[in-house]
$ cat entry-v6.pdb   # PDB, C-alpha atoms
ATOM      1  CA  MET B   1      15.117 -15.327   4.697
ATOM      2  CA  SER B   2      15.456 -13.658   1.354
ATOM      3  CA  SER B   3      15.049 -10.058   0.310
ATOM      4  CA  ASP B   4      13.099 -10.853  -2.803
ATOM      5  CA  PRO B   5      11.243  -7.678  -3.852
ATOM      6  CA  ALA B   6       9.251  -9.532  -6.511
ATOM      7  CA  PRO B   7       5.535  -8.812  -6.187
ATOM      8  CA  ARG B   8       3.336 -11.530  -4.844
ATOM      9  CA  LYS B   9       0.357 -12.765  -6.793
ATOM     10  CA  THR B  10      -2.467 -10.303  -6.237
ATOM     11  CA  SER B  11      -5.252  -8.892  -8.322
ATOM     12  CA  ALA B  12      -4.160  -6.663 -11.177
ATOM     13  CA  SER B  13      -5.642  -3.567  -9.610
ATOM     14  CA  PRO B  14      -6.887  -3.095  -6.050
ATOM     15  CA  ALA B  15      -9.343  -0.403  -7.139
ATOM     16  CA  PRO B  16     -10.050  -0.341 -10.851
ATOM     17  CA  SER B  17     -10.275   3.100 -12.330
ATOM     18  CA  ASP B  18     -13.548   3.557 -14.139
ATOM     19  CA  ASP B  19     -16.278   6.125 -14.430
ATOM     20  CA  ASP B  20     -18.657   4.443 -11.978
ATOM     21  CA  ASN B  21     -19.062   7.136  -9.330
ATOM     22  CA  ARG B  22     -22.152   5.823  -7.621
ATOM     23  CA  TYR B  23     -21.962   5.892  -3.825
ATOM     24  CA  LYS B  24     -21.611   2.143  -3.307
ATOM     25  CA  ALA B  25     -19.041   1.829  -6.113
ATOM     26  CA  VAL B  26     -16.896   4.597  -4.632
ATOM     27  CA  GLN B  27     -17.157   3.030  -1.165
ATOM     28  CA  ALA B  28     -16.107  -0.359  -2.584
ATOM     29  CA  LYS B  29     -13.146   1.183  -4.439
ATOM     30  CA  LEU B  30     -11.979   3.024  -1.332
ATOM     31  CA  LEU B  31     -12.323  -0.145   0.732
ATOM     32  CA  ARG B  32     -10.236  -2.176  -1.767
ATOM     33  CA  LEU B  33      -7.614   0.551  -2.021
ATOM     34  CA  GLY B  34      -7.343   0.861   1.756
ATOM     35  CA  LYS B  35      -6.965  -2.908   2.136
ATOM     36  CA  ALA B  36      -4.348  -3.055  -0.606
ATOM     37  CA  MET B  37      -2.358  -0.282   1.075
ATOM     38  CA  ASP B  38      -2.653  -2.005   4.468
ATOM     39  CA  ASP B  39      -1.363  -5.219   2.877
ATOM     40  CA  ALA B  40       1.466  -3.341   1.151
ATOM     41  CA  THR B  41       2.489  -1.788   4.469
ATOM     42  CA  LEU B  42       2.739  -5.227   6.088
ATOM     43  CA  GLU B  43       4.658  -6.727   3.171
ATOM     44  CA  LEU B  44       7.071  -3.803   3.018
ATOM     45  CA  GLU B  45       7.739  -4.071   6.740
ATOM     46  CA  SER B  46       8.432  -7.779   6.309
ATOM     47  CA  LEU B  47      10.807  -6.989   3.453
ATOM     48  CA  ARG B  48      12.583  -4.371   5.575
ATOM     49  CA  ARG B  49      13.121  -6.828   8.431
ATOM     50  CA  SER B  50      14.424  -9.415   5.990
ATOM     51  CA  MET B  51      16.833  -6.923   4.414
ATOM     52  CA  ASN B  52      18.135  -5.872   7.838
ATOM     53  CA  ALA B  53      18.666  -9.515   8.796
ATOM     54  CA  ASN B  54      20.511 -10.152   5.534
ATOM     55  CA  ALA B  55      22.648  -7.045   6.090
ATOM     56  CA  THR B  56      23.620  -8.319   9.529
ATOM     57  CA  ARG B  57      24.438 -11.772   8.128
ATOM     58  CA  THR B  58      26.494 -10.172   5.372
ATOM     59  CA  GLU B  59      28.486  -8.213   7.949
ATOM     60  CA  ASP B  60      29.169 -11.497   9.755
ATOM     61  CA  VAL B  61      30.326 -13.076   6.482
ATOM     62  CA  ALA B  62      32.652 -10.125   5.862
ATOM     63  CA  ARG B  63      34.126 -10.618   9.336
ATOM     64  CA  ASP B  64      34.545 -14.355   8.667
ATOM     65  CA  ILE B  65      36.270 -13.594   5.354
ATOM     66  CA  ALA B  66      38.630 -11.193   7.114
ATOM     67  CA  ASP B  67      39.333 -13.749   9.876
ATOM     68  CA  ALA B  68      40.078 -16.393   7.221
ATOM     69  CA  GLY B  69      42.785 -14.155   5.824
ATOM     70  CA  LEU B  70      41.318 -13.802   2.325
ATOM     71  CA  ASP B  71      42.091 -10.875   0.085
ATOM     72  CA  VAL B  72      40.954  -7.535   1.522
ATOM     73  CA  LYS B  73      38.976  -6.731  -1.624
ATOM     74  CA  TYR B  74      36.510  -9.536  -0.770
ATOM     75  CA  VAL B  75      36.007  -8.127   2.707
ATOM     76  CA  GLU B  76      35.419  -4.660   1.252
ATOM     77  CA  LEU B  77      33.001  -5.935  -1.395
ATOM     78  CA  THR B  78      31.053  -7.944   1.174
ATOM     79  CA  ASN B  79      30.885  -4.922   3.478
ATOM     80  CA  LEU B  80      29.583  -2.832   0.566
ATOM     81  CA  VAL B  81      26.793  -5.349   0.066
ATOM     82  CA  ALA B  82      25.922  -5.105   3.772
ATOM     83  CA  VAL B  83      25.848  -1.305   3.600
ATOM     84  CA  ALA B  84      23.711  -1.411   0.442
ATOM     85  CA  LEU B  85      21.223  -3.770   2.084
ATOM     86  CA  GLY B  86      21.041  -1.530   5.140
ATOM     87  CA  GLY B  87      20.485   1.542   2.964
ATOM     88  CA  ALA B  88      17.823  -0.222   0.923
ATOM     89  CA  ALA B  89      16.076  -1.274   4.148
ATOM     90  CA  ILE B  90      15.929   2.379   5.207
ATOM     91  CA  GLU B  91      14.313   3.323   1.897
ATOM     92  CA  VAL B  92      11.849   0.431   2.162
ATOM     93  CA  ARG B  93      10.910   1.753   5.610
ATOM     94  CA  LYS B  94      10.185   5.170   4.097
ATOM     95  CA  LEU B  95       8.041   3.505   1.440
ATOM     96  CA  ALA B  96       6.190   1.503   4.109
ATOM     97  CA  ASN B  97       5.521   4.732   6.020
ATOM     98  CA  THR B  98       4.110   6.309   2.860
ATOM     99  CA  ALA B  99       1.920   3.251   2.221
ATOM    100  CA  GLU B 100       0.669   3.382   5.812
ATOM    101  CA  GLU B 101      -0.116   7.095   5.531
ATOM    102  CA  THR B 102      -1.934   6.496   2.244
ATOM    103  CA  ALA B 103      -3.952   3.677   3.827
ATOM    104  CA  ASP B 104      -4.917   5.900   6.756
ATOM    105  CA  LEU B 105      -5.972   8.715   4.422
ATOM    106  CA  THR B 106      -7.963   6.269   2.291
ATOM    107  CA  HIS B 107      -9.850   4.965   5.340
ATOM    108  CA  GLN B 108     -10.474   8.553   6.477
ATOM    109  CA  THR B 109     -11.728   9.487   3.005
ATOM    110  CA  ARG B 110     -14.081   6.506   3.004
ATOM    111  CA  ARG B 111     -15.538   7.553   6.366
ATOM    112  CA  THR B 112     -15.911  11.175   5.222
ATOM    113  CA  HIS B 113     -17.551  10.083   1.968
ATOM    114  CA  SER B 114     -19.946   7.891   3.927
ATOM    115  CA  GLY B 115     -20.796  10.739   6.271
ATOM    116  CA  LEU B 116     -21.463  13.129   3.411
ATOM    117  CA  TYR B 117     -23.333  10.863   1.018
ATOM    118  CA  GLY B 118     -24.427   7.743   2.934
ATOM    119  CA  ALA B 119     -27.798   9.115   4.066
ATOM    120  CA  LEU B 120     -28.534  10.470   0.593
ATOM    121  CA  ASP B 121     -27.745   7.067  -0.916
ATOM    122  CA  ASP B 122     -30.080   5.383   1.577
ATOM    123  CA  ILE B 123     -32.882   7.741   0.594
ATOM    124  CA  ARG B 124     -32.278   7.336  -3.135
ATOM    125  CA  SER B 125     -31.847   3.559  -2.920
ATOM    126  CA  ASN B 126     -35.027   2.952  -0.948
ATOM    127  CA  ARG B 127     -37.566   4.823  -3.028
ATOM    128  CA  ARG B 128     -39.449   3.447  -5.990
ATOM    129  CA  GLU B 129     -39.509   6.620  -8.045
ATOM    130  CA  LYS B 130     -36.705   7.336 -10.460
ATOM    131  CA  THR B 131     -34.229  10.003  -9.412
ATOM    132  CA  PRO B 132     -33.446  12.815 -11.847
ATOM    133  CA  ARG B 133     -30.022  12.659 -13.411
ATOM    134  CA  PRO B 134     -27.349  14.994 -12.068
ATOM    135  CA  GLY B 135     -27.696  18.461 -13.545
ATOM    136  CA  PHE B 136     -31.407  18.100 -14.259
ATOM    137  CA  PHE B 137     -32.342  21.006 -12.025
ATOM    138  CA  ASN B 138     -29.615  23.258 -13.450
ATOM    139  CA  ARG B 139     -31.394  23.705 -16.797
TER     140      ARG B 139
END
$ encode --input "entry-v6.pdb" --output "structure tokens"
Amino acid sequence: MSSDPAPRKTSASPAPSDDDNRYKAVQAKLLRLGKAMDDATLELESLRRSMNANATRTEDVARDIADAGLDVKYVELTNLVAVALGGAAIEVRKLANTAEETADLTHQTRRTHSGLYGALDDIRSNRREKTPRPGFFNR
């Protein structure tokens, strides 16, 4: 296992930022964002497990170096690497928790948006007459 934090090949943007605020476009953007955050949560958790495994292996290497009677500085340096990996894994866990929370909020927002505007979109989408532009009745 490696602790390679390099991003995997994905689309450039899970939910492109544009000015298309139609109901279906917003729903699609929220869906893509939620999926991207779900995927990020899984990948971050995988990274965390990998980092913890590498930290444990590094501790074993430090012990082996000490048992082999090598210079103490190598044992100390190897232990520092193990501690750094463990600390980084903790921070990756925090990031994964944030990604999971963001995904949950995104899914909740999508459901709320659907509840508020879904019926209106159905009505507007299924009639033949043109709908006045927003602000028309405010004149």
$ residues_around --input "entry-v6.pdb" --residues "range 92-100 of chain B" --least-positions-apart "2" --cutoff "7 Å" --atoms "all atoms listed in the file" --output "mmCIF file with C-alpha atoms, in the frame of the given file"
data_model
loop_
_atom_site.group_PDB
_atom_site.id
_atom_site.type_symbol
_atom_site.label_atom_id
_atom_site.label_comp_id
_atom_site.auth_asym_id
_atom_site.auth_seq_id
_atom_site.Cartn_x
_atom_site.Cartn_y
_atom_site.Cartn_z
ATOM 1 C CA MET B 37 -2.358 -0.282 1.075
ATOM 2 C CA ASP B 38 -2.653 -2.005 4.468
ATOM 3 C CA ALA B 40 1.466 -3.341 1.151
ATOM 4 C CA THR B 41 2.489 -1.788 4.469
ATOM 5 C CA LEU B 44 7.071 -3.803 3.018
ATOM 6 C CA GLU B 45 7.739 -4.071 6.740
ATOM 7 C CA ARG B 48 12.583 -4.371 5.575
ATOM 8 C CA ALA B 88 17.823 -0.222 0.923
ATOM 9 C CA ALA B 89 16.076 -1.274 4.148
ATOM 10 C CA ILE B 90 15.929 2.379 5.207
ATOM 11 C CA THR B 102 -1.934 6.496 2.244
ATOM 12 C CA ALA B 103 -3.952 3.677 3.827
ATOM 13 C CA ASP B 104 -4.917 5.900 6.756
#
$ axis_aligned_box --input "entry-v6.pdb" --around "range 59-62 of chain B" --padding-each-side "3 Å" --output "AutoDock Vina command-line options"
--center_x 30.6 --center_y -10.6 --center_z 7.8 --size_x 10.2 --size_y 10.9 --size_z 9.9
$ closest_residue --input "entry-v6.pdb" --among "B:Gln108, B:Lys24, B:Lys35, B:Asn79" --to "Ser125 in chain B" --atoms "only C-alpha atoms"
B:Lys24
$ residues_around --input "entry-v6.pdb" --residues "range 111-122 of chain B" --least-positions-apart "3" --cutoff "12 Å" --atoms "all atoms listed in the file" --output "PyMOL selection string"
chain B and resi 21-31+34+104-108+125-127+131
$ resolve_selection --input "entry-v6.pdb" --expression "the PyMOL selection byres ((chain B and resi 54) around 9)" --output "list of chain:residue names"
B:Met1, B:Ser2, B:Ser3, B:Arg49, B:Ser50, B:Met51, B:Asn52, B:Ala53, B:Ala55, B:Thr56, B:Arg57, B:Thr58, B:Glu59, B:Ala82, B:Leu85, B:Gly86
$ atom_distance --input "entry-v6.pdb" --atom1 "CA of Phe136 in chain B" --atom2 "CA of Asp18 in chain B"
23.0 Å
$ residues_around --input "entry-v6.pdb" --residues "Thr78 in chain B" --least-positions-apart "2" --cutoff "9 Å" --atoms "all atoms listed in the file" --output "PyMOL selection string"
chain B and resi 58-59+61-62+65+73-76+80-83
$ atom_distance --input "entry-v6.pdb" --atom1 "CA of Arg110 in chain B" --atom2 "CA of Lys130 in chain B"
26.3 Å
$ atom_distance --input "entry-v6.pdb" --atom1 "CA of Ala36 in chain B" --atom2 "CA of Glu101 in chain B"
12.6 Å
$ closest_residue --input "entry-v6.pdb" --among "B:Asp60, B:Asp71, B:Glu129, B:Leu47" --to "Glu91 in chain B" --atoms "all atoms listed in the file"
B:Leu47
$ build_atoms --input "entry-v6.pdb" --residues "range 115-126 of chain B" --atoms "all heavy atoms" --output "PDB file, in the coordinates of the input"
ATOM      1  N   GLY B 115     -20.080   9.729   5.493  1.00  0.00           N
ATOM      2  CA  GLY B 115     -20.796  10.739   6.271  1.00  0.00           C
ATOM      3  C   GLY B 115     -21.501  11.765   5.401  1.00  0.00           C
ATOM      4  O   GLY B 115     -22.602  12.213   5.719  1.00  0.00           O
ATOM      5  N   LEU B 116     -20.872  12.117   4.294  1.00  0.00           N
ATOM      6  CA  LEU B 116     -21.463  13.129   3.411  1.00  0.00           C
ATOM      7  C   LEU B 116     -22.578  12.586   2.534  1.00  0.00           C
ATOM      8  O   LEU B 116     -23.570  13.276   2.278  1.00  0.00           O
ATOM      9  CB  LEU B 116     -20.375  13.737   2.519  1.00  0.00           C
ATOM     10  CG  LEU B 116     -19.321  14.603   3.214  1.00  0.00           C
ATOM     11  CD1 LEU B 116     -18.214  14.967   2.238  1.00  0.00           C
ATOM     12  CD2 LEU B 116     -19.975  15.863   3.783  1.00  0.00           C
ATOM     13  N   TYR B 117     -22.411  11.364   2.042  1.00  0.00           N
ATOM     14  CA  TYR B 117     -23.333  10.863   1.018  1.00  0.00           C
ATOM     15  C   TYR B 117     -24.095   9.597   1.400  1.00  0.00           C
ATOM     16  O   TYR B 117     -24.976   9.167   0.669  1.00  0.00           O
ATOM     17  CB  TYR B 117     -22.567  10.598  -0.280  1.00  0.00           C
ATOM     18  CG  TYR B 117     -21.903  11.833  -0.815  1.00  0.00           C
ATOM     19  CD1 TYR B 117     -20.525  11.991  -0.752  1.00  0.00           C
ATOM     20  CD2 TYR B 117     -22.659  12.857  -1.367  1.00  0.00           C
ATOM     21  CE1 TYR B 117     -19.908  13.142  -1.224  1.00  0.00           C
ATOM     22  CE2 TYR B 117     -22.054  14.011  -1.850  1.00  0.00           C
ATOM     23  CZ  TYR B 117     -20.676  14.139  -1.767  1.00  0.00           C
ATOM     24  OH  TYR B 117     -20.081  15.275  -2.237  1.00  0.00           O
ATOM     25  N   GLY B 118     -23.773   8.990   2.549  1.00  0.00           N
ATOM     26  CA  GLY B 118     -24.427   7.743   2.934  1.00  0.00           C
ATOM     27  C   GLY B 118     -25.934   7.880   3.107  1.00  0.00           C
ATOM     28  O   GLY B 118     -26.711   7.072   2.607  1.00  0.00           O
ATOM     29  N   ALA B 119     -26.360   8.922   3.828  1.00  0.00           N
ATOM     30  CA  ALA B 119     -27.798   9.115   4.066  1.00  0.00           C
ATOM     31  C   ALA B 119     -28.530   9.390   2.751  1.00  0.00           C
ATOM     32  O   ALA B 119     -29.631   8.873   2.522  1.00  0.00           O
ATOM     33  CB  ALA B 119     -28.018  10.257   5.050  1.00  0.00           C
ATOM     34  N   LEU B 120     -27.923  10.184   1.896  1.00  0.00           N
ATOM     35  CA  LEU B 120     -28.534  10.470   0.593  1.00  0.00           C
ATOM     36  C   LEU B 120     -28.674   9.188  -0.225  1.00  0.00           C
ATOM     37  O   LEU B 120     -29.712   8.956  -0.856  1.00  0.00           O
ATOM     38  CB  LEU B 120     -27.689  11.492  -0.176  1.00  0.00           C
ATOM     39  CG  LEU B 120     -28.163  11.847  -1.579  1.00  0.00           C
ATOM     40  CD1 LEU B 120     -29.552  12.475  -1.532  1.00  0.00           C
ATOM     41  CD2 LEU B 120     -27.168  12.777  -2.242  1.00  0.00           C
ATOM     42  N   ASP B 121     -27.664   8.335  -0.184  1.00  0.00           N
ATOM     43  CA  ASP B 121     -27.745   7.067  -0.916  1.00  0.00           C
ATOM     44  C   ASP B 121     -28.850   6.188  -0.352  1.00  0.00           C
ATOM     45  O   ASP B 121     -29.573   5.542  -1.117  1.00  0.00           O
ATOM     46  CB  ASP B 121     -26.405   6.332  -0.865  1.00  0.00           C
ATOM     47  CG  ASP B 121     -26.458   5.047  -1.666  1.00  0.00           C
ATOM     48  OD1 ASP B 121     -26.556   5.124  -2.912  1.00  0.00           O
ATOM     49  OD2 ASP B 121     -26.423   3.958  -1.047  1.00  0.00           O
ATOM     50  N   ASP B 122     -28.996   6.171   0.967  1.00  0.00           N
ATOM     51  CA  ASP B 122     -30.080   5.383   1.577  1.00  0.00           C
ATOM     52  C   ASP B 122     -31.432   5.866   1.086  1.00  0.00           C
ATOM     53  O   ASP B 122     -32.305   5.067   0.748  1.00  0.00           O
ATOM     54  CB  ASP B 122     -30.030   5.483   3.110  1.00  0.00           C
ATOM     55  CG  ASP B 122     -28.895   4.677   3.705  1.00  0.00           C
ATOM     56  OD1 ASP B 122     -28.353   3.794   3.009  1.00  0.00           O
ATOM     57  OD2 ASP B 122     -28.547   4.952   4.872  1.00  0.00           O
ATOM     58  N   ILE B 123     -31.609   7.177   1.053  1.00  0.00           N
ATOM     59  CA  ILE B 123     -32.882   7.741   0.594  1.00  0.00           C
ATOM     60  C   ILE B 123     -33.127   7.381  -0.867  1.00  0.00           C
ATOM     61  O   ILE B 123     -34.208   6.910  -1.235  1.00  0.00           O
ATOM     62  CB  ILE B 123     -32.902   9.274   0.781  1.00  0.00           C
ATOM     63  CG1 ILE B 123     -32.932   9.611   2.262  1.00  0.00           C
ATOM     64  CG2 ILE B 123     -34.082   9.904   0.050  1.00  0.00           C
ATOM     65  CD1 ILE B 123     -32.660  11.072   2.563  1.00  0.00           C
ATOM     66  N   ARG B 124     -32.118   7.600  -1.702  1.00  0.00           N
ATOM     67  CA  ARG B 124     -32.278   7.336  -3.135  1.00  0.00           C
ATOM     68  C   ARG B 124     -32.455   5.847  -3.418  1.00  0.00           C
ATOM     69  O   ARG B 124     -33.181   5.463  -4.333  1.00  0.00           O
ATOM     70  CB  ARG B 124     -31.070   7.868  -3.900  1.00  0.00           C
ATOM     71  CG  ARG B 124     -30.986   9.382  -3.866  1.00  0.00           C
ATOM     72  CD  ARG B 124     -29.840   9.875  -4.679  1.00  0.00           C
ATOM     73  NE  ARG B 124     -30.201   9.730  -6.090  1.00  0.00           N
ATOM     74  CZ  ARG B 124     -29.333   9.736  -7.075  1.00  0.00           C
ATOM     75  NH1 ARG B 124     -28.053   9.877  -6.844  1.00  0.00           N
ATOM     76  NH2 ARG B 124     -29.737   9.614  -8.315  1.00  0.00           N
ATOM     77  N   SER B 125     -31.793   4.999  -2.669  1.00  0.00           N
ATOM     78  CA  SER B 125     -31.847   3.559  -2.920  1.00  0.00           C
ATOM     79  C   SER B 125     -33.161   2.932  -2.471  1.00  0.00           C
ATOM     80  O   SER B 125     -33.549   1.886  -2.981  1.00  0.00           O
ATOM     81  CB  SER B 125     -30.697   2.853  -2.185  1.00  0.00           C
ATOM     82  OG  SER B 125     -29.467   3.300  -2.655  1.00  0.00           O
ATOM     83  N   ASN B 126     -33.828   3.564  -1.519  1.00  0.00           N
ATOM     84  CA  ASN B 126     -35.027   2.952  -0.948  1.00  0.00           C
ATOM     85  C   ASN B 126     -36.333   3.534  -1.456  1.00  0.00           C
ATOM     86  O   ASN B 126     -37.383   3.259  -0.893  1.00  0.00           O
ATOM     87  CB  ASN B 126     -34.971   3.065   0.586  1.00  0.00           C
ATOM     88  CG  ASN B 126     -33.860   2.210   1.152  1.00  0.00           C
ATOM     89  OD1 ASN B 126     -33.604   1.122   0.667  1.00  0.00           O
ATOM     90  ND2 ASN B 126     -33.187   2.725   2.170  1.00  0.00           N
TER      91      ASN B 126
END
